[in-house]
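Coordinates from upload-v5.pdb are shown below (PDB, C-alpha atoms, pLDDT in the B column).
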```pdb
MODEL        1
ATOM      1  CA  MET A  10     207.109 118.679  98.272  1.00 77.00           C
ATOM      2  CA  SER A  11     210.479 120.146  97.331  1.00 89.00           C
ATOM      3  CA  ASN A  12     213.794 118.545  98.217  1.00 93.00           C
ATOM      4  CA  PHE A  13     214.475 121.454 100.587  1.00 89.00           C
ATOM      5  CA  GLU A  14     211.178 120.881 102.403  1.00 90.00           C
ATOM      6  CA  LYS A  15     211.947 117.157 102.777  1.00 92.00           C
ATOM      7  CA  ARG A  16     215.436 117.881 104.128  1.00 94.00           C
ATOM      8  CA  PHE A  17     214.115 120.586 106.460  1.00 90.00           C
ATOM      9  CA  LYS A  18     211.406 118.300 107.840  1.00 92.00           C
ATOM     10  CA  GLU A  19     213.854 115.425 108.338  1.00 94.00           C
ATOM     11  CA  ALA A  20     216.316 117.744 110.102  1.00 93.00           C
ATOM     12  CA  VAL A  21     213.577 118.937 112.460  1.00 93.00           C
ATOM     13  CA  ARG A  22     212.544 115.360 113.238  1.00 93.00           C
ATOM     14  CA  GLU A  23     216.129 114.223 113.814  1.00 94.00           C
ATOM     15  CA  ASN A  24     216.920 117.256 115.961  1.00 91.00           C
ATOM     16  CA  PHE A  25     213.937 116.747 118.240  1.00 93.00           C
ATOM     17  CA  ASP A  26     214.487 112.986 118.440  1.00 92.00           C
ATOM     18  CA  PHE A  27     218.065 113.711 119.510  1.00 93.00           C
ATOM     19  CA  SER A  28     217.274 116.542 121.937  1.00 90.00           C
ATOM     20  CA  ALA A  29     214.117 115.351 123.734  1.00 91.00           C
ATOM     21  CA  ASP A  30     215.871 115.179 127.127  1.00 90.00           C
ATOM     22  CA  LEU A  31     217.530 118.582 126.657  1.00 90.00           C
ATOM     23  CA  TYR A  32     214.204 120.088 125.623  1.00 87.00           C
ATOM     24  CA  ASP A  33     212.571 118.951 128.870  1.00 87.00           C
ATOM     25  CA  ARG A  34     215.471 120.220 130.984  1.00 90.00           C
ATOM     26  CA  PHE A  35     215.275 123.601 129.221  1.00 89.00           C
ATOM     27  CA  GLU A  36     211.536 123.774 129.905  1.00 88.00           C
ATOM     28  CA  GLU A  37     211.950 122.772 133.570  1.00 89.00           C
ATOM     29  CA  LYS A  38     214.325 125.713 133.984  1.00 91.00           C
ATOM     30  CA  HIS A  39     212.551 128.379 131.886  1.00 90.00           C
ATOM     31  CA  HIS A  40     208.866 127.321 131.504  1.00 88.00           C
ATOM     32  CA  LEU A  41     208.865 129.015 128.093  1.00 87.00           C
ATOM     33  CA  PHE A  42     206.514 126.708 126.181  1.00 88.00           C
ATOM     34  CA  GLU A  43     204.154 126.351 129.119  1.00 91.00           C
ATOM     35  CA  GLU A  44     203.937 130.132 129.365  1.00 91.00           C
ATOM     36  CA  LEU A  45     203.443 130.605 125.620  1.00 90.00           C
ATOM     37  CA  ALA A  46     200.568 128.101 125.501  1.00 91.00           C
ATOM     38  CA  SER A  47     198.968 129.588 128.604  1.00 92.00           C
ATOM     39  CA  ARG A  48     199.186 133.111 127.188  1.00 91.00           C
ATOM     40  CA  LEU A  49     197.633 131.994 123.902  1.00 91.00           C
ATOM     41  CA  VAL A  50     194.618 130.653 125.802  1.00 91.00           C
ATOM     42  CA  ASP A  51     194.343 133.908 127.744  1.00 91.00           C
ATOM     43  CA  LEU A  52     194.404 135.911 124.503  1.00 90.00           C
ATOM     44  CA  MET A  53     191.937 133.620 122.743  1.00 87.00           C
ATOM     45  CA  GLY A  54     189.558 133.056 125.626  1.00 80.00           C
ATOM     46  CA  ASN A  55     188.403 129.697 126.837  1.00 72.00           C
ATOM     47  CA  SER A  56     184.648 129.645 126.561  1.00 79.00           C
ATOM     48  CA  ASN A  57     182.867 126.838 124.683  1.00 88.00           C
ATOM     49  CA  VAL A  58     186.049 124.874 124.025  1.00 95.00           C
ATOM     50  CA  ARG A  59     185.529 121.111 124.148  1.00 96.00           C
ATOM     51  CA  ARG A  60     187.999 119.759 121.582  1.00 97.00           C
ATOM     52  CA  VAL A  61     191.570 121.073 121.254  1.00 98.00           C
ATOM     53  CA  LEU A  62     194.382 120.285 118.805  1.00 98.00           C
ATOM     54  CA  ASP A  63     197.998 121.055 119.731  1.00 98.00           C
ATOM     55  CA  VAL A  64     200.131 121.116 116.563  1.00 98.00           C
ATOM     56  CA  GLY A  65     203.822 120.479 117.158  1.00 96.00           C
ATOM     57  CA  CYS A  66     203.281 119.398 120.757  1.00 96.00           C
ATOM     58  CA  GLY A  67     206.843 118.215 121.342  1.00 94.00           C
ATOM     59  CA  SER A  68     207.170 116.524 124.712  1.00 95.00           C
ATOM     60  CA  GLY A  69     203.637 117.530 125.678  1.00 96.00           C
ATOM     61  CA  ILE A  70     204.491 120.659 127.639  1.00 94.00           C
ATOM     62  CA  SER A  71     202.152 122.875 125.632  1.00 95.00           C
ATOM     63  CA  THR A  72     199.444 120.196 125.672  1.00 97.00           C
ATOM     64  CA  TRP A  73     199.643 120.009 129.458  1.00 96.00           C
ATOM     65  CA  ALA A  74     199.461 123.799 129.722  1.00 95.00           C
ATOM     66  CA  LEU A  75     196.315 123.724 127.561  1.00 96.00           C
ATOM     67  CA  TYR A  76     194.898 120.986 129.766  1.00 96.00           C
ATOM     68  CA  GLN A  77     195.594 123.133 132.845  1.00 94.00           C
ATOM     69  CA  LYS A  78     193.604 125.974 131.278  1.00 94.00           C
ATOM     70  CA  TYR A  79     190.681 124.008 129.805  1.00 94.00           C
ATOM     71  CA  GLY A  80     190.435 121.073 132.214  1.00 89.00           C
ATOM     72  CA  ASP A  81     188.868 117.627 132.134  1.00 89.00           C
ATOM     73  CA  GLY A  82     185.821 118.766 130.176  1.00 92.00           C
ATOM     74  CA  CYS A  83     187.878 118.872 126.975  1.00 96.00           C
ATOM     75  CA  THR A  84     189.442 116.301 124.712  1.00 97.00           C
ATOM     76  CA  PHE A  85     192.994 117.116 123.650  1.00 98.00           C
ATOM     77  CA  TYR A  86     194.710 115.835 120.539  1.00 98.00           C
ATOM     78  CA  ALA A  87     198.402 116.574 120.090  1.00 98.00           C
ATOM     79  CA  ILE A  88     200.529 115.866 117.031  1.00 98.00           C
ATOM     80  CA  ASP A  89     204.278 115.877 116.532  1.00 97.00           C
ATOM     81  CA  ILE A  90     206.749 114.526 113.968  1.00 97.00           C
ATOM     82  CA  SER A  91     209.242 113.302 116.596  1.00 97.00           C
ATOM     83  CA  GLU A  92     208.657 109.867 118.098  1.00 97.00           C
ATOM     84  CA  LYS A  93     211.130 110.581 120.934  1.00 96.00           C
ATOM     85  CA  MET A  94     209.277 113.751 121.917  1.00 96.00           C
ATOM     86  CA  LEU A  95     205.986 111.865 121.875  1.00 97.00           C
ATOM     87  CA  GLN A  96     207.487 109.123 124.065  1.00 97.00           C
ATOM     88  CA  LYS A  97     208.265 111.821 126.631  1.00 96.00           C
ATOM     89  CA  ALA A  98     204.762 113.247 126.286  1.00 97.00           C
ATOM     90  CA  ARG A  99     203.127 109.854 126.768  1.00 97.00           C
ATOM     91  CA  GLU A 100     205.322 109.090 129.796  1.00 96.00           C
ATOM     92  CA  LYS A 101     204.339 112.345 131.491  1.00 95.00           C
ATOM     93  CA  TYR A 102     200.750 112.906 130.378  1.00 95.00           C
ATOM     94  CA  GLY A 103     199.548 109.760 128.622  1.00 91.00           C
ATOM     95  CA  HIS A 104     197.709 108.555 131.728  1.00 93.00           C
ATOM     96  CA  ARG A 105     194.869 110.964 130.929  1.00 94.00           C
ATOM     97  CA  ASP A 106     192.096 109.410 128.852  1.00 94.00           C
ATOM     98  CA  ASN A 107     191.275 112.764 127.286  1.00 97.00           C
ATOM     99  CA  ILE A 108     194.803 113.469 125.967  1.00 98.00           C
ATOM    100  CA  ILE A 109     195.709 111.650 122.741  1.00 97.00           C
ATOM    101  CA  PHE A 110     199.202 111.944 121.269  1.00 98.00           C
ATOM    102  CA  VAL A 111     199.607 111.297 117.529  1.00 98.00           C
ATOM    103  CA  LEU A 112     202.800 110.762 115.549  1.00 98.00           C
ATOM    104  CA  GLY A 113     202.368 112.671 112.317  1.00 97.00           C
ATOM    105  CA  ASP A 114     203.172 115.465 109.922  1.00 97.00           C
ATOM    106  CA  ALA A 115     201.643 118.856 110.739  1.00 97.00           C
ATOM    107  CA  GLU A 116     201.384 119.680 107.044  1.00 96.00           C
ATOM    108  CA  ASN A 117     198.825 116.896 106.592  1.00 97.00           C
ATOM    109  CA  LEU A 118     196.468 117.304 109.539  1.00 98.00           C
ATOM    110  CA  LYS A 119     193.460 115.941 107.656  1.00 97.00           C
ATOM    111  CA  GLU A 120     195.257 112.600 107.246  1.00 97.00           C
ATOM    112  CA  TYR A 121     195.181 112.145 111.020  1.00 98.00           C
ATOM    113  CA  PHE A 122     192.028 113.919 112.159  1.00 97.00           C
ATOM    114  CA  MET A 123     188.459 113.722 110.969  1.00 94.00           C
ATOM    115  CA  GLU A 124     187.191 115.479 114.090  1.00 93.00           C
ATOM    116  CA  LYS A 125     186.390 119.157 114.221  1.00 97.00           C
ATOM    117  CA  PHE A 126     188.069 121.336 116.826  1.00 98.00           C
ATOM    118  CA  ASP A 127     187.076 124.390 118.819  1.00 97.00           C
ATOM    119  CA  ALA A 128     190.676 125.530 119.232  1.00 97.00           C
ATOM    120  CA  ILE A 129     193.890 124.685 117.393  1.00 97.00           C
ATOM    121  CA  PHE A 130     197.250 125.793 118.791  1.00 96.00           C
ATOM    122  CA  TYR A 131     200.670 126.181 117.209  1.00 97.00           C
ATOM    123  CA  THR A 132     202.857 126.946 120.231  1.00 93.00           C
ATOM    124  CA  ALA A 133     206.300 127.885 118.880  1.00 90.00           C
ATOM    125  CA  SER A 134     205.957 125.326 116.092  1.00 92.00           C
ATOM    126  CA  ILE A 135     204.677 127.106 112.972  1.00 93.00           C
ATOM    127  CA  PHE A 136     208.170 128.136 111.853  1.00 90.00           C
ATOM    128  CA  LEU A 137     209.286 124.488 111.987  1.00 92.00           C
ATOM    129  CA  ILE A 138     206.734 123.454 109.360  1.00 95.00           C
ATOM    130  CA  PRO A 139     208.178 123.988 105.853  1.00 94.00           C
ATOM    131  CA  ASN A 140     204.768 124.312 104.178  1.00 94.00           C
ATOM    132  CA  PHE A 141     203.055 126.139 107.022  1.00 95.00           C
ATOM    133  CA  ARG A 142     200.437 127.562 104.641  1.00 96.00           C
ATOM    134  CA  LYS A 143     199.173 124.046 103.880  1.00 97.00           C
ATOM    135  CA  SER A 144     199.112 123.205 107.585  1.00 97.00           C
ATOM    136  CA  LEU A 145     197.131 126.339 108.380  1.00 98.00           C
ATOM    137  CA  LYS A 146     194.712 125.712 105.518  1.00 98.00           C
ATOM    138  CA  GLU A 147     194.063 122.221 106.858  1.00 98.00           C
ATOM    139  CA  ALA A 148     193.772 123.538 110.424  1.00 98.00           C
ATOM    140  CA  PHE A 149     191.110 126.054 109.400  1.00 98.00           C
ATOM    141  CA  SER A 150     189.205 123.298 107.580  1.00 98.00           C
ATOM    142  CA  LEU A 151     189.158 121.302 110.835  1.00 98.00           C
ATOM    143  CA  LEU A 152     187.590 124.093 112.907  1.00 98.00           C
ATOM    144  CA  ASN A 153     184.055 124.001 114.236  1.00 97.00           C
ATOM    145  CA  PRO A 154     182.017 127.131 113.459  1.00 96.00           C
ATOM    146  CA  GLY A 155     183.350 129.862 115.729  1.00 94.00           C
ATOM    147  CA  GLY A 156     186.562 127.911 116.363  1.00 95.00           C
ATOM    148  CA  LYS A 157     189.918 129.665 116.519  1.00 95.00           C
ATOM    149  CA  VAL A 158     193.541 129.071 115.610  1.00 96.00           C
ATOM    150  CA  ALA A 159     196.228 130.512 117.893  1.00 95.00           C
ATOM    151  CA  ILE A 160     199.883 130.851 116.895  1.00 95.00           C
ATOM    152  CA  SER A 161     203.030 131.927 118.667  1.00 90.00           C
ATOM    153  CA  PHE A 162     206.180 132.371 116.602  1.00 73.00           C
ATOM    154  CA  TYR A 163     209.473 134.151 116.359  1.00 62.00           C
ATOM    155  CA  SER A 164     208.659 137.096 114.116  1.00 57.00           C
ATOM    156  CA  GLY A 165     212.132 137.314 112.620  1.00 47.00           C
ATOM    157  CA  LEU A 166     211.687 134.052 110.701  1.00 43.00           C
ATOM    158  CA  SER A 167     208.892 135.149 108.379  1.00 45.00           C
ATOM    159  CA  ASP A 168     208.587 137.821 105.710  1.00 45.00           C
ATOM    160  CA  ILE A 169     204.794 137.657 105.570  1.00 46.00           C
ATOM    161  CA  GLU A 170     203.069 140.900 106.464  1.00 46.00           C
TER     162      GLU A 170
ENDMDL
END
```

Whole structure given in structure tokens:
Amino acid sequence: MSNFEKRFKEAVRENFDFSADLYDRFEEKHHLFEELASRLVDLMGNSNVRRVLDVGCGSGISTWALYQKYGDGCTFYAIDISEKMLQKAREKYGHRDNIIFVLGDAENLKEYFMEKFDAIFYTASIFLIPNFRKSLKEAFSLLNPGGKVAISFYSGLSDIE
């Protein structure tokens, strides 16, 4: 990992640790991340989904939106690099036995998960992962046959065509 990638990752973690309360207030007002996650499910479809991974779950807003779409019949794993964001997520949604929040690095998904998933979501998080290619490679290796990866991102931040 380059020095830039380390600094970028640390800045993201520090920013989200610092802004967890602001993030929730923004979402309460605009419902942006809830809407993005919900729209990704609508685009992907929701048949035969029993195990879901939410990469870069923040304060759990996207995870909860996925839960609302898929329901109690699924198990949801959610990973984030910010402990403060995960504290918020656990406070709000940790009472559900089928929602598991994991503190970890999205570039190294296979370090945290041995399970296979039917659906993996990056809701407005892919551009915050310095080595997003590695994260995606690991995500695809964690998919069940027929599983899908869904991504929402700000298109102006990438030069990949």

Please enumerate the residues selected by the PyMOL selection byres ((chain A and resi 63-76) around 7) when evaluated against the supplied file, formatted as a PDB file with C-alpha atoms, keeping the file's coordinate frame.
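Result written to expr36.pdb:
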```
ATOM      1  CA  PHE A  42     206.514 126.708 126.181  1.00 88.00           C
ATOM      2  CA  GLU A  43     204.154 126.351 129.119  1.00 91.00           C
ATOM      3  CA  ALA A  46     200.568 128.101 125.501  1.00 91.00           C
ATOM      4  CA  SER A  47     198.968 129.588 128.604  1.00 92.00           C
ATOM      5  CA  VAL A  61     191.570 121.073 121.254  1.00 98.00           C
ATOM      6  CA  LEU A  62     194.382 120.285 118.805  1.00 98.00           C
ATOM      7  CA  GLN A  77     195.594 123.133 132.845  1.00 94.00           C
ATOM      8  CA  LYS A  78     193.604 125.974 131.278  1.00 94.00           C
ATOM      9  CA  TYR A  79     190.681 124.008 129.805  1.00 94.00           C
ATOM     10  CA  GLY A  80     190.435 121.073 132.214  1.00 89.00           C
ATOM     11  CA  TYR A  86     194.710 115.835 120.539  1.00 98.00           C
ATOM     12  CA  ALA A  87     198.402 116.574 120.090  1.00 98.00           C
ATOM     13  CA  ILE A  88     200.529 115.866 117.031  1.00 98.00           C
ATOM     14  CA  ASP A  89     204.278 115.877 116.532  1.00 97.00           C
ATOM     15  CA  MET A  94     209.277 113.751 121.917  1.00 96.00           C
ATOM     16  CA  LEU A  95     205.986 111.865 121.875  1.00 97.00           C
ATOM     17  CA  LYS A  97     208.265 111.821 126.631  1.00 96.00           C
ATOM     18  CA  ALA A  98     204.762 113.247 126.286  1.00 97.00           C
ATOM     19  CA  ALA A 115     201.643 118.856 110.739  1.00 97.00           C
ATOM     20  CA  ILE A 129     193.890 124.685 117.393  1.00 97.00           C
ATOM     21  CA  PHE A 130     197.250 125.793 118.791  1.00 96.00           C
ATOM     22  CA  TYR A 131     200.670 126.181 117.209  1.00 97.00           C
ATOM     23  CA  THR A 132     202.857 126.946 120.231  1.00 93.00           C
ATOM     24  CA  SER A 134     205.957 125.326 116.092  1.00 92.00           C
TER      25      SER A 134
END
```

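Comparing the minimum interatomic distances between A:Lys143 and each of A:Arg48, A:Lys125, A:Lys119, A:Arg16, counting all atoms listed in the file, we find that A:Lys119 sits nearest.
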
Axis-aligned box for stretch 24-28 of chain A, 8 Å per side, centre and edges in Å as lines of an AutoDock Vina configuration file:
```
center_x = 216.0
center_y = 115.1
center_z = 118.9
size_x = 20.1
size_y = 20.3
size_z = 22.0
```

Sorted by chain and rising residue number, list the residues of stretch 69-148 of chain A at most 8 Å from stretch 17-34 of chain A (counting all atoms listed in the file), each with its closest atom pair and distance in Å to one decimal, as JSON lines.
```
{"residue": "A:Ile90", "atom": "CA", "partner": "A:Arg22", "partner_atom": "CA", "distance": 5.9}
{"residue": "A:Ser91", "atom": "CA", "partner": "A:Arg22", "partner_atom": "CA", "distance": 5.1}
{"residue": "A:Glu92", "atom": "CA", "partner": "A:Asp26", "partner_atom": "CA", "distance": 6.6}
{"residue": "A:Lys93", "atom": "CA", "partner": "A:Asp26", "partner_atom": "CA", "distance": 4.8}
{"residue": "A:Met94", "atom": "CA", "partner": "A:Ala29", "partner_atom": "CA", "distance": 5.4}
{"residue": "A:Lys97", "atom": "CA", "partner": "A:Ala29", "partner_atom": "CA", "distance": 7.4}
{"residue": "A:Leu137", "atom": "CA", "partner": "A:Val21", "partner_atom": "CA", "distance": 7.0}
{"residue": "A:Ile138", "atom": "CA", "partner": "A:Lys18", "partner_atom": "CA", "distance": 7.1}
{"residue": "A:Pro139", "atom": "CA", "partner": "A:Lys18", "partner_atom": "CA", "distance": 6.8}
```

Keeping only C-alpha atoms, write the selected residues to a file as a CSV table (one decimal), in the coordinates of the input.
```
chain,number,residue,atom,x,y,z
A,90,ILE,CA,206.7,114.5,114.0
A,91,SER,CA,209.2,113.3,116.6
A,92,GLU,CA,208.7,109.9,118.1
A,93,LYS,CA,211.1,110.6,120.9
A,94,MET,CA,209.3,113.8,121.9
A,97,LYS,CA,208.3,111.8,126.6
A,137,LEU,CA,209.3,124.5,112.0
A,138,ILE,CA,206.7,123.5,109.4
A,139,PRO,CA,208.2,124.0,105.9
```

### Atomic separation - atom CA of A:Asp51 relative to atom CA of A:Phe122, Å
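These two atoms are separated by 25.5 Å.
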
### Query
When you draw a straight line from atom CA of A:Asn117 to atom CA of A:Val158, how long is it in Å?
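Computed distance, atom CA of A:Asn117 to atom CA of A:Val158, equals 16.0 Å.
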
### Message
One number please: atom CA of A:Ser150 to atom CA of A:Asp114, in Å, one decimal.
### Response
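Computing it gives 16.2 Å between the two atoms.
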
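Compared by their closest atoms to A:Arg142, and using all atoms listed in the file, the residues A:Gln96, A:Gly155, A:Tyr102, A:Glu116 rank with A:Glu116 nearest.
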
### Task
Would you mind listing what lies within 10 Å of A:Met10 as a list in words, with only C-alpha atoms counted and same-chain residues fewer than 2 positions away left out?
Asn12, Phe13, Glu14, Lys15, Pro139 and Asn140 of chain A

Residues from last step as file, C-alpha atoms, as a compact mmCIF listing (two decimals), in the coordinates of the input:
```txt
# COMPACT_ATOMS: atom_id res chain seq x y z
CA ASN A 12 213.79 118.54 98.22
CA PHE A 13 214.48 121.45 100.59
CA GLU A 14 211.18 120.88 102.40
CA LYS A 15 211.95 117.16 102.78
CA PRO A 139 208.18 123.99 105.85
CA ASN A 140 204.77 124.31 104.18
```

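This file, filtered with the PyMOL selection byres ((chain A and resi 53) around 9), gives the residues Arg48, Leu49, Val50, Asp51, Leu52, Gly54, Asn55, Ala128, Lys157, Val158 and Ala159 of chain A.
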
Could you write out that same residue set with C-alpha atoms as a PDB file, in the frame of the given file?
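Wrote it out as part.pdb, contents follow:
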```
ATOM      1  CA  ARG A  48     199.186 133.111 127.188  1.00 91.00           C
ATOM      2  CA  LEU A  49     197.633 131.994 123.902  1.00 91.00           C
ATOM      3  CA  VAL A  50     194.618 130.653 125.802  1.00 91.00           C
ATOM      4  CA  ASP A  51     194.343 133.908 127.744  1.00 91.00           C
ATOM      5  CA  LEU A  52     194.404 135.911 124.503  1.00 90.00           C
ATOM      6  CA  GLY A  54     189.558 133.056 125.626  1.00 80.00           C
ATOM      7  CA  ASN A  55     188.403 129.697 126.837  1.00 72.00           C
ATOM      8  CA  ALA A 128     190.676 125.530 119.232  1.00 97.00           C
ATOM      9  CA  LYS A 157     189.918 129.665 116.519  1.00 95.00           C
ATOM     10  CA  VAL A 158     193.541 129.071 115.610  1.00 96.00           C
ATOM     11  CA  ALA A 159     196.228 130.512 117.893  1.00 95.00           C
TER      12      ALA A 159
END
```

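Residue nearest A:Leu41 within the list A:Ala133, A:Val58, A:Cys83, A:Met123: A:Ala133 [criterion: smallest interatomic distance, all atoms listed in the file].
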
### Summary
Across A:Lys101, A:Arg60, A:Asp81, A:Phe136, the smallest distance to A:Asn153, with only C-alpha atoms counted, is shown by A:Arg60
